[in-house]
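For reference, my_file_18.txt (compact mmCIF, C-alpha atoms):
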# COMPACT_ATOMS: atom_id res chain seq x y z
CA ARG B 1 39.38 -31.12 -22.02
CA VAL B 2 40.80 -28.32 -24.15
CA ASP B 3 41.01 -28.85 -27.90
CA LEU B 4 44.54 -27.44 -28.52
CA ARG B 5 44.33 -27.96 -32.26
CA LEU B 6 41.29 -25.72 -32.37
CA ALA B 7 42.88 -23.18 -30.06
CA ARG B 8 46.10 -22.82 -32.07
CA LYS B 9 44.12 -21.90 -35.18
CA ASP B 10 43.30 -18.55 -33.56
CA THR B 11 45.44 -16.26 -35.73
CA MET B 12 44.42 -13.20 -33.70
CA SER B 13 46.73 -14.19 -30.83
CA SER B 14 50.48 -13.79 -30.43
CA ILE B 15 53.29 -14.16 -27.89
CA THR B 16 56.08 -11.59 -27.74
CA PRO B 17 58.94 -10.94 -25.30
CA THR B 18 58.71 -7.84 -23.14
CA LYS B 19 62.47 -7.20 -23.66
CA THR B 20 64.49 -7.80 -26.81
CA THR B 21 68.12 -7.52 -27.89
CA LEU B 22 69.28 -5.30 -30.76
CA ASP B 23 68.74 -8.12 -33.21
CA GLY B 24 65.15 -8.64 -31.99
CA LYS B 25 65.75 -11.77 -29.94
CA PRO B 26 64.35 -12.20 -26.39
CA ALA B 27 66.65 -10.52 -23.86
CA ARG B 28 67.81 -12.20 -20.68
CA GLY B 29 65.14 -11.86 -17.94
CA SER B 30 62.45 -11.00 -20.42
CA ARG B 31 58.85 -11.92 -19.66
CA TRP B 32 56.29 -13.06 -22.25
CA ARG B 33 53.22 -11.08 -23.27
CA ALA B 34 50.25 -13.06 -24.64
CA ARG B 35 47.98 -10.97 -26.85
CA TYR B 36 44.53 -12.02 -28.00
CA ARG B 37 41.14 -10.64 -29.01
CA ASP B 38 38.02 -11.20 -26.95
CA PRO B 39 34.68 -12.12 -28.61
CA SER B 40 33.87 -8.41 -29.05
CA GLY B 41 37.09 -7.86 -31.03
CA ARG B 42 38.89 -5.93 -28.30
CA THR B 43 42.63 -6.64 -28.02
CA ARG B 44 43.77 -7.84 -24.60
CA SER B 45 47.06 -9.05 -23.16
CA LYS B 46 48.49 -10.85 -20.17
CA THR B 47 52.14 -11.26 -19.15
CA PHE B 48 53.82 -14.47 -17.94
CA GLU B 49 57.27 -15.45 -16.67
CA ARG B 50 57.55 -18.37 -19.09
CA ARG B 51 56.66 -18.68 -22.74
CA VAL B 52 55.06 -22.07 -22.16
CA ASP B 53 52.65 -20.52 -19.64
CA ALA B 54 51.71 -17.80 -22.13
CA GLN B 55 51.06 -20.41 -24.83
CA GLN B 56 48.92 -22.50 -22.50
CA PHE B 57 46.89 -19.42 -21.56
CA LEU B 58 46.24 -18.61 -25.25
CA ASP B 59 45.26 -22.22 -25.96
CA VAL B 60 42.71 -22.25 -23.15
CA THR B 61 41.41 -18.77 -24.00
CA SER B 62 40.91 -19.65 -27.65
CA ALA B 63 39.13 -22.87 -26.78
CA ASP B 64 36.88 -20.99 -24.34
CA LYS B 65 35.95 -18.52 -27.07
CA HIS B 66 35.01 -21.31 -29.45
CA ARG B 67 32.87 -22.96 -26.74
CA GLY B 68 31.24 -19.68 -25.73
CA GLU B 69 32.77 -19.87 -22.24
CA PHE B 70 35.07 -16.87 -22.47
CA THR B 71 35.24 -14.67 -19.36
CA ASP B 72 36.35 -11.06 -19.34
CA PRO B 73 39.37 -10.56 -17.02
CA ALA B 74 38.37 -6.95 -16.36
CA LEU B 75 34.86 -8.01 -15.34
CA ARG B 76 36.25 -10.70 -13.06
CA ARG B 77 37.83 -7.85 -11.11
CA SER B 78 34.50 -6.03 -10.72
CA ARG B 79 32.90 -5.89 -7.29
CA PHE B 80 30.26 -8.29 -6.02
CA GLU B 81 27.97 -5.47 -4.91
CA ASP B 82 27.90 -4.07 -8.46
CA TRP B 83 26.60 -7.36 -9.80
CA ALA B 84 24.16 -7.61 -6.88
CA GLU B 85 22.64 -4.24 -7.71
CA SER B 86 22.54 -5.16 -11.40
CA TRP B 87 20.69 -8.37 -10.52
CA TRP B 88 18.25 -6.42 -8.34
CA ALA B 89 17.54 -3.84 -11.03
CA MET B 90 16.81 -6.62 -13.55
CA ASN B 91 14.52 -8.61 -11.24
CA GLU B 92 12.85 -6.17 -8.85
CA ALA B 93 9.80 -5.61 -11.04
CA ARG B 94 8.99 -9.30 -11.46
CA PHE B 95 8.87 -10.02 -7.72
CA ARG B 96 5.59 -10.07 -5.84
CA VAL B 97 5.30 -7.22 -3.35
CA SER B 98 6.01 -9.40 -0.31
CA THR B 99 8.86 -11.21 -2.05
CA ARG B 100 10.39 -7.92 -3.19
CA SER B 101 10.52 -6.55 0.34
CA THR B 102 11.92 -9.76 1.82
CA SER B 103 14.56 -10.17 -0.91
CA ARG B 104 15.79 -6.59 -0.54
CA ARG B 105 16.06 -7.00 3.21
CA VAL B 106 18.02 -10.24 2.85
CA LEU B 107 20.31 -8.60 0.29
CA ASP B 108 21.05 -5.60 2.49
CA ASN B 109 21.32 -7.33 5.87
CA ALA B 110 22.74 -10.79 5.15
CA ILE B 111 24.46 -10.89 1.76
CA LEU B 112 26.09 -7.54 1.01
CA PRO B 113 27.74 -7.30 4.45
CA THR B 114 29.41 -10.65 3.72
CA PHE B 115 30.57 -10.20 0.13
CA SER B 116 30.75 -6.44 -0.49
CA GLY B 117 34.18 -5.15 -1.50
CA ARG B 118 35.18 -8.50 -2.95
CA ARG B 119 36.03 -9.08 -6.60
CA ILE B 120 33.42 -11.30 -8.16
CA GLY B 121 36.07 -13.61 -9.62
CA GLU B 122 37.79 -14.10 -6.23
CA ILE B 123 34.83 -15.63 -4.45
CA ASP B 124 35.13 -19.40 -4.75
CA ARG B 125 32.98 -22.35 -3.79
CA ALA B 126 34.87 -23.02 -0.56
CA GLU B 127 34.10 -19.50 0.67
CA VAL B 128 30.40 -19.84 -0.09
CA LYS B 129 30.27 -23.21 1.67
CA ALA B 130 32.01 -21.70 4.71
CA TRP B 131 29.42 -18.90 4.76
CA VAL B 132 26.60 -21.47 4.66
CA ALA B 133 28.19 -23.49 7.47
CA GLU B 134 28.56 -20.34 9.57
CA MET B 135 24.89 -19.43 9.19
CA LEU B 136 23.75 -22.94 10.09
CA GLY B 137 26.15 -22.98 13.04
CA GLN B 138 24.65 -19.73 14.34
CA GLY B 139 21.21 -21.31 14.37
CA SER B 140 19.72 -19.93 11.15
CA ALA B 141 16.84 -22.06 9.91
CA PRO B 142 17.60 -24.19 6.81
CA LYS B 143 14.81 -22.42 4.91
CA THR B 144 16.37 -19.05 5.71
CA VAL B 145 19.81 -20.23 4.58
CA ARG B 146 18.37 -21.74 1.41
CA ASN B 147 16.65 -18.47 0.50
CA ARG B 148 19.86 -16.50 1.01
CA VAL B 149 21.94 -18.93 -1.05
CA ALA B 150 19.32 -18.80 -3.82
CA ILE B 151 19.78 -15.03 -4.09
CA VAL B 152 23.58 -15.32 -4.11
CA LYS B 153 23.36 -18.00 -6.80
CA SER B 154 21.16 -15.71 -8.90
CA ILE B 155 23.71 -12.90 -8.57
CA PHE B 156 26.51 -15.20 -9.75
CA ASP B 157 24.26 -16.32 -12.63
CA GLU B 158 24.00 -12.67 -13.61
CA ALA B 159 27.81 -12.46 -13.63
CA ILE B 160 28.05 -15.62 -15.74
CA GLU B 161 25.65 -14.15 -18.28
CA GLY B 162 27.78 -10.99 -18.32
CA ARG B 163 30.96 -13.04 -19.01
CA ALA B 164 32.53 -12.23 -15.66
CA LEU B 165 32.44 -15.86 -14.50
CA ARG B 166 32.46 -19.28 -16.07
CA ASP B 167 31.10 -21.32 -13.16
CA ASN B 168 28.72 -20.54 -10.32
CA PRO B 169 30.39 -21.08 -6.91
CA ALA B 170 26.99 -21.21 -5.18
CA ALA B 171 25.50 -23.90 -7.42
CA GLY B 172 24.72 -27.31 -5.95
CA ILE B 173 25.57 -26.52 -2.34
CA ARG B 174 23.69 -28.91 -0.10
CA ILE B 175 21.62 -27.47 2.71
CA PRO B 176 19.67 -29.55 5.25
CA ARG B 177 16.00 -29.84 4.44
CA ALA B 178 13.77 -27.48 6.35
CA ARG B 179 11.39 -29.11 8.76
CA ALA B 180 7.91 -28.33 7.50
CA SER B 181 5.31 -27.04 9.92
CA GLU B 182 2.99 -29.82 11.01
CA PRO B 183 -0.42 -29.10 9.45
CA HIS B 184 -3.56 -29.33 11.55
CA PHE B 185 -6.62 -30.81 9.87
CA LEU B 186 -9.85 -29.77 11.61
CA THR B 187 -12.97 -31.85 11.26
CA ALA B 188 -16.25 -30.23 10.24
CA GLU B 189 -17.34 -30.40 13.89
CA GLN B 190 -14.17 -28.64 15.04
CA VAL B 191 -14.54 -25.95 12.39
CA GLU B 192 -18.08 -25.30 13.58
CA ALA B 193 -17.00 -25.23 17.24
CA LEU B 194 -14.31 -22.67 16.42
CA ALA B 195 -16.78 -20.56 14.43
CA GLU B 196 -19.28 -20.56 17.30
CA ALA B 197 -16.62 -19.66 19.87
CA ILE B 198 -14.96 -16.86 17.93
CA GLU B 199 -15.65 -13.17 18.41
CA PRO B 200 -18.64 -11.98 16.32
CA PRO B 201 -18.97 -11.54 13.39
CA TYR B 202 -15.94 -13.65 12.49
CA ALA B 203 -17.79 -16.97 12.45
CA PHE B 204 -18.42 -16.25 8.77
CA LEU B 205 -14.70 -15.69 8.19
CA VAL B 206 -13.81 -19.04 9.78
CA ARG B 207 -16.42 -20.95 7.80
CA PHE B 208 -15.54 -19.15 4.56
CA ALA B 209 -11.83 -20.00 4.92
CA ALA B 210 -12.54 -23.62 5.88
CA TYR B 211 -15.03 -24.32 3.08
CA SER B 212 -13.51 -22.28 0.24
CA GLY B 213 -9.88 -23.42 0.62
CA LEU B 214 -8.47 -19.96 -0.16
CA ARG B 215 -5.05 -18.96 1.14
CA PRO B 216 -5.12 -16.46 4.04
CA ALA B 217 -3.86 -13.64 1.81
CA GLU B 218 -6.53 -14.53 -0.78
CA VAL B 219 -9.25 -14.44 1.86
CA ALA B 220 -8.07 -11.01 2.98
CA GLY B 221 -8.09 -9.81 -0.64
CA VAL B 222 -11.71 -10.76 -1.52
CA ARG B 223 -13.73 -7.71 -2.58
CA VAL B 224 -17.50 -7.38 -2.66
CA ARG B 225 -17.70 -7.52 -6.46
CA ARG B 226 -15.72 -10.77 -6.51
CA LEU B 227 -18.27 -12.61 -4.35
CA ASP B 228 -21.32 -13.66 -6.42
CA LEU B 229 -23.91 -14.80 -3.88
CA LEU B 230 -26.55 -15.74 -6.48
CA ALA B 231 -24.18 -18.01 -8.42
CA GLY B 232 -22.45 -19.22 -5.25
CA ARG B 233 -18.88 -18.49 -6.31
CA VAL B 234 -15.93 -16.22 -5.61
CA ASP B 235 -13.34 -14.96 -8.11
CA VAL B 236 -9.83 -15.19 -6.67
CA VAL B 237 -7.66 -12.56 -8.35
CA GLU B 238 -6.00 -10.57 -5.56
CA THR B 239 -4.14 -10.96 -2.26
CA LEU B 240 -3.47 -8.73 0.72
CA THR B 241 -0.19 -9.37 2.53
CA THR B 242 1.63 -7.69 5.38
CA VAL B 243 4.92 -6.09 4.34
CA ALA B 244 6.97 -4.17 6.89
CA GLY B 245 3.87 -3.65 9.02
CA SER B 246 1.68 -2.43 6.15
CA VAL B 247 -0.99 -4.36 4.25
CA VAL B 248 -0.35 -4.27 0.51
CA SER B 249 -2.25 -5.65 -2.47
CA GLY B 250 -0.76 -8.05 -5.01
CA PRO B 251 -1.52 -10.94 -7.38
CA THR B 252 -2.23 -14.50 -6.28
CA LYS B 253 0.66 -16.82 -5.51
CA THR B 254 0.64 -18.36 -8.98
CA SER B 255 -0.45 -15.05 -10.60
CA ALA B 256 -3.41 -16.97 -12.01
CA ARG B 257 -7.09 -16.13 -11.65
CA ARG B 258 -9.49 -18.86 -10.57
CA THR B 259 -13.14 -19.19 -9.63
CA VAL B 260 -14.14 -21.20 -6.56
CA THR B 261 -17.67 -22.33 -5.78
CA VAL B 262 -18.93 -21.85 -2.23
CA PRO B 263 -21.70 -23.79 -0.46
CA ARG B 264 -25.16 -22.28 -0.32
CA PHE B 265 -25.11 -21.87 3.48
CA LEU B 266 -22.12 -19.52 3.13
CA CYS B 267 -24.00 -17.35 0.66
CA GLU B 268 -26.93 -17.09 3.09
CA GLU B 269 -24.61 -16.25 5.98
CA ALA B 270 -22.84 -13.64 3.85
CA CYS B 271 -26.05 -11.60 3.64
CA GLU B 272 -26.16 -11.27 7.42
CA TYR B 273 -22.44 -10.49 7.52
CA PHE B 274 -22.81 -7.75 4.90
CA GLY B 275 -25.53 -6.16 7.02
CA TRP B 276 -23.10 -6.01 9.96
CA LEU B 277 -20.34 -4.63 7.72
CA GLU B 278 -22.56 -1.84 6.41
CA SER B 279 -23.48 -0.84 9.95
CA LYS B 280 -19.80 -0.89 10.86
CA LEU B 281 -18.90 1.37 7.93
CA GLY B 282 -22.00 3.53 8.27
CA ARG B 283 -22.80 3.29 4.54
CA LYS B 284 -23.77 0.94 1.74
CA LEU B 285 -21.08 -1.42 0.47
CA LYS B 286 -19.26 -0.51 -2.71
CA PRO B 287 -18.03 -3.06 -5.29
CA ASP B 288 -14.37 -2.47 -4.40
CA ASP B 289 -14.87 -2.72 -0.64
CA LEU B 290 -12.99 -5.53 1.06
CA VAL B 291 -15.27 -8.25 2.44
CA PHE B 292 -13.13 -9.09 5.48
CA ARG B 293 -11.72 -6.44 7.81
CA SER B 294 -10.01 -6.10 11.15
CA PRO B 295 -12.07 -5.24 14.27
CA SER B 296 -11.14 -1.57 13.70
CA GLY B 297 -12.46 -1.68 10.13
CA SER B 298 -9.05 -1.52 8.42
CA PRO B 299 -7.87 -4.15 5.85
CA LEU B 300 -7.45 -7.54 7.45
CA ASN B 301 -3.96 -8.35 8.76
CA THR B 302 -4.26 -12.13 9.07
CA ASP B 303 -1.30 -12.43 11.45
CA ASN B 304 -2.71 -9.90 13.89
CA TRP B 305 -6.22 -11.34 13.54
CA ARG B 306 -5.02 -14.83 14.39
CA ARG B 307 -3.10 -13.65 17.44
CA ARG B 308 -5.84 -11.39 18.82
CA VAL B 309 -9.04 -13.17 17.79
CA MET B 310 -8.41 -16.75 16.66
CA VAL B 311 -6.05 -17.96 19.41
CA PRO B 312 -8.40 -16.98 22.29
CA ALA B 313 -11.22 -18.85 20.52
CA LEU B 314 -9.02 -21.94 20.09
CA GLU B 315 -8.30 -21.89 23.81
CA ARG B 316 -12.00 -21.59 24.66
CA VAL B 317 -12.96 -24.73 22.69
CA GLY B 318 -9.90 -26.76 23.65
CA LEU B 319 -8.25 -26.87 20.23
CA PRO B 320 -4.43 -26.59 19.90
CA VAL B 321 -3.33 -22.96 19.94
CA GLU B 322 -0.78 -23.92 17.27
CA VAL B 323 -3.59 -24.08 14.70
CA ARG B 324 -2.84 -21.42 12.10
CA PHE B 325 -5.13 -19.48 9.80
CA TYR B 326 -3.53 -21.50 6.98
CA ASP B 327 -4.76 -24.71 8.65
CA LEU B 328 -8.31 -23.76 7.71
CA ARG B 329 -7.18 -24.19 4.10
CA HIS B 330 -5.62 -27.56 4.99
CA SER B 331 -8.90 -28.52 6.66
CA CYS B 332 -10.83 -27.72 3.49
CA ALA B 333 -8.58 -30.08 1.54
CA SER B 334 -9.01 -32.89 4.07
CA LEU B 335 -12.80 -32.44 4.11
CA MET B 336 -12.95 -32.65 0.31
CA ILE B 337 -10.77 -35.75 0.25
CA ALA B 338 -12.90 -37.41 2.94
CA LEU B 339 -15.96 -36.77 0.76
CA GLY B 340 -14.26 -38.56 -2.15
CA ALA B 341 -13.21 -35.55 -4.20
CA HIS B 342 -10.91 -36.29 -7.13
CA PRO B 343 -7.32 -34.97 -6.70
CA ARG B 344 -7.79 -32.81 -9.79
CA LEU B 345 -10.78 -31.09 -8.21
CA VAL B 346 -8.83 -30.51 -4.99
CA MET B 347 -5.96 -29.05 -7.02
CA GLU B 348 -8.21 -26.61 -8.89
CA ARG B 349 -10.03 -25.46 -5.78
CA LEU B 350 -6.82 -24.81 -3.86
CA GLY B 351 -5.19 -23.05 -6.82
CA HIS B 352 -2.16 -25.34 -7.12
CA SER B 353 -0.28 -24.94 -10.39
CA ASP B 354 0.42 -28.66 -10.67
CA ILE B 355 -1.21 -31.86 -9.42
CA SER B 356 2.14 -32.95 -7.95
CA THR B 357 1.92 -30.09 -5.45
CA THR B 358 -1.47 -31.35 -4.28
CA MET B 359 -0.22 -34.91 -3.95
CA ASN B 360 2.96 -33.86 -2.12
CA VAL B 361 0.99 -31.92 0.49
CA TYR B 362 -2.13 -34.07 0.84
CA GLY B 363 -1.21 -37.38 -0.77
CA HIS B 364 -0.90 -39.07 2.63
CA ILE B 365 -4.62 -38.49 3.29
CA TRP B 366 -5.86 -40.59 0.37
CA PRO B 367 -4.30 -43.87 1.65
CA ALA B 368 -6.19 -43.32 4.91
CA LEU B 369 -9.40 -43.80 2.93
CA HIS B 370 -8.40 -47.28 1.79
CA GLU B 371 -9.98 -48.88 4.86
CA GLN B 372 -13.21 -47.02 4.21
CA LEU B 373 -13.10 -48.18 0.57
CA ASN B 374 -12.53 -51.78 1.69
CA ASP B 375 -15.60 -51.57 3.93
CA GLN B 376 -17.66 -50.31 1.00
CA LEU B 377 -16.40 -53.15 -1.21
CA GLU B 378 -17.25 -55.59 1.60
CA ASP B 379 -20.80 -54.22 1.79
CA LEU B 380 -21.14 -54.46 -1.99
CA HIS B 381 -20.05 -58.09 -2.00
CA ARG B 382 -22.38 -58.93 0.91
CA THR B 383 -25.28 -57.36 -0.99
CA VAL B 384 -24.88 -59.44 -4.13
CA LYS B 385 -23.69 -62.69 -2.50
CA GLY B 386 -26.21 -65.52 -2.92
CA LYS B 387 -28.34 -63.66 -5.43
CA PRO B 388 -28.87 -65.67 -8.65
CA TRP B 389 -27.76 -64.11 -11.87
CA LYS B 390 -28.99 -65.17 -15.29
CA ALA B 391 -27.31 -64.18 -18.50
CA PRO B 392 -29.71 -62.63 -20.99
CA ILE B 393 -30.72 -64.98 -23.79
CA ALA B 394 -29.67 -63.57 -27.13
CA SER B 395 -32.17 -63.62 -29.98
CA VAL B 396 -31.32 -65.24 -33.27
CA ASP B 397 -30.84 -61.83 -34.85
CA GLN B 398 -28.25 -60.93 -32.21
CA LEU B 399 -26.10 -64.03 -32.78
CA PRO B 400 -22.91 -63.38 -34.74
CA ARG B 401 -23.08 -64.48 -38.36
CA ARG B 402 -20.31 -66.28 -40.16
CA THR B 403 -19.16 -64.55 -43.29
CA SER B 404 -17.88 -66.46 -46.26
CA ALA B 405 -14.23 -66.04 -47.12

Show how you would write the structure in this file as structure tokens.
Amino acid sequence: RVDLRLARKDTMSSITPTKTTLDGKPARGSRWRARYRDPSGRTRSKTFERRVDAQQFLDVTSADKHRGEFTDPALRRSRFEDWAESWWAMNEARFRVSTRSTSRRVLDNAILPTFSGRRIGEIDRAEVKAWVAEMLGQGSAPKTVRNRVAIVKSIFDEAIEGRALRDNPAAGIRIPRARASEPHFLTAEQVEALAEAIEPPYAFLVRFAAYSGLRPAEVAGVRVRRLDLLAGRVDVVETLTTVAGSVVSGPTKTSARRTVTVPRFLCEEACEYFGWLESKLGRKLKPDDLVFRSPSGSPLNTDNWRRRVMVPALERVGLPVEVRFYDLRHSCASLMIALGAHPRLVMERLGHSDISTTMNVYGHIWPALHEQLNDQLEDLHRTVKGKPWKAPIASVDQLPRRTSA
């Protein structure tokens, strides 16, 4: 609701006819020019057929200025692609390497072809909704559509901050929820079977991923100096991801460093693995050498490794070929939960930024332990049932004494 009393106090605005008679009165057929000053002090004007329309425009404009919602008419006529490039320039540096490449590709191939050449102020909510419906109708995955809409929304937010728009036409658009990939939780026996069946020397890689809980990109990014075999721990500070066919280094998903303990058997197995790696490289290992590599000795591309090495091993032991490298991380979580690990400990080991993330992904596993807990309570009750219990007799000195009022 516009506060007209507040708006009419704006003494910087005026309404004048575009044509006047000799005595200064509005001439027949004259239009009405509304003049006002924007928040920067620049004088602007807009012409209307009727005086009442000009007055209403000034009232709304003045109220918008007082509320901080003023939009620049000239900027509303600017092109969408200009704001898109402005948004990219402001945000490119803060993206992770993989996110930066994906976002630029989405911008160039899916967003700019749709909205380029359009004035930013002409694109309304109905048009954005129609674009979303078209993508879904063509079979685009909900997650893909959601990512594209998120970028468009950010571009419109940039325009709002620049006073080109008042509202975001991409805000609050509902998109069907993406169907999450069904995780596979391997038992300790299945992990060991996979490790034994896999091409040497990658048994160590399978066990390391399944018992450390690191993300695939974090496993690929472990360097020799980050793995402390004496202390039994690994510092997780770096990732290696595949971008446009190339393996690139970057920070962890949450950009936070963490230290994860590893079982003693992994430290012992690492010594044998390092011996193989040195023979493969033909030299002693250096602190910055990557621990895990492809069969050719290059940095590990986890997607290629799964397809060429892991899938054949899954087939040999009769495990589902749908099991992903990431499922070794899921398996680590399920093994810890089965051993009674506290959710906080699971969260810290997996590197989740919040306990709610851990519970959302693995919360359904804890209720499965209720039956096991009931059996333990049953055994406890059976152990103490029928055994006499005598309360200790308190000495006179231990009895409470009455104090006088």

Hey, which bits of stretch 190-305 of chain B sit within 8 Å of stretch 320-338 of chain B, and for each residue what's the closest pair of atoms and how far apart in Å (one decimal), counting all atoms listed in the file, rows by chain and increasing number, as a tab-separated table?
residue	atom	partner	partner_atom	distance
B:Val206	CA	B:Leu328	CA	7.5
B:Ala209	CA	B:Leu328	CA	5.9
B:Ala210	CA	B:Leu328	CA	4.6
B:Tyr211	CA	B:Cys332	CA	5.4
B:Ser212	CA	B:Cys332	CA	6.9
B:Gly213	CA	B:Arg329	CA	4.5
B:Leu214	CA	B:Arg329	CA	6.1
B:Arg215	CA	B:Arg329	CA	6.4
B:Pro216	CA	B:Tyr326	CA	6.0
B:Thr302	CA	B:Phe325	CA	7.4

| task | Would you please work out which residue, of B:Ser103, B:Ala203, B:Val234, B:Thr61, is nearest to B:Glu269 when using only C-alpha atoms? | result | B:Ala203

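When all atoms listed in the file are used to measure the gap to B:Ala159, the shortest distance among B:Met135, B:Leu186, B:Ala220, B:Leu75 belongs to B:Leu75.
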
| query | In Å, with one decimal, what is the gap from atom CA of B:Met359 to atom CA of B:Glu182? | reply | 16.1 Å

| query | In Å, how far is it from atom CA of B:Val145 to atom CA of B:Arg307? | reply |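 Rounded to one decimal, the two atoms are 27.1 Å apart.
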
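Comparing the minimum interatomic distances between B:Arg104 and each of B:Pro169, B:Thr16, B:Val243, B:Lys143, counting all atoms listed in the file, we find that B:Val243 sits nearest.
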
| field | Atomic separation - atom CA of B:Val222 relative to atom CA of B:Arg316, Å | value |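 Interatomic distance here is 28.3 Å.
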
| said: Taking all atoms listed in the file into account, name the residue in B:Thr239, B:Leu281, B:Lys286, B:Glu272 that is nearest to B:Arg96. | reply: B:Thr239

| Counting only C-alpha atoms, the option among B:Asp157, B:Glu134, B:Glu218, B:Asp38 closest to B:Ala63 |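 Of B:Asp157, B:Glu134, B:Glu218, B:Asp38, the one nearest B:Ala63 is B:Asp38, counting only C-alpha atoms.
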
| query | Which one is closest to B:Ala197: B:Leu339, B:Ala217, B:Ala313, B:Ala34? Count all atoms listed in the file. | reply |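 The answer is B:Ala313, which sits nearest to B:Ala197.
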
| request: Pick out the residues sitting within 10 Å of B:Leu240, and hand them over as a PyMOL selection string; count all atoms listed in the file, and ignore anything fewer than 5 positions along from it in its own chain. | output: chain B and resi 97-98+216-222+246-252+299-302

| field | Spatial sel., origin (-20.7, -9.1, 13.5), limit 6 Å, all atoms listed in the file, listed as a VMD selection string | value | chain B and resid 200 to 201 276

| query | Residues at most 8 Å from stretch 85-89 of chain B, counting all atoms listed in the file, excluding those fewer than 2 positions away in the same chain, as a ChimeraX atom specification? | reply | /B:81-83,91-93,154-155,158
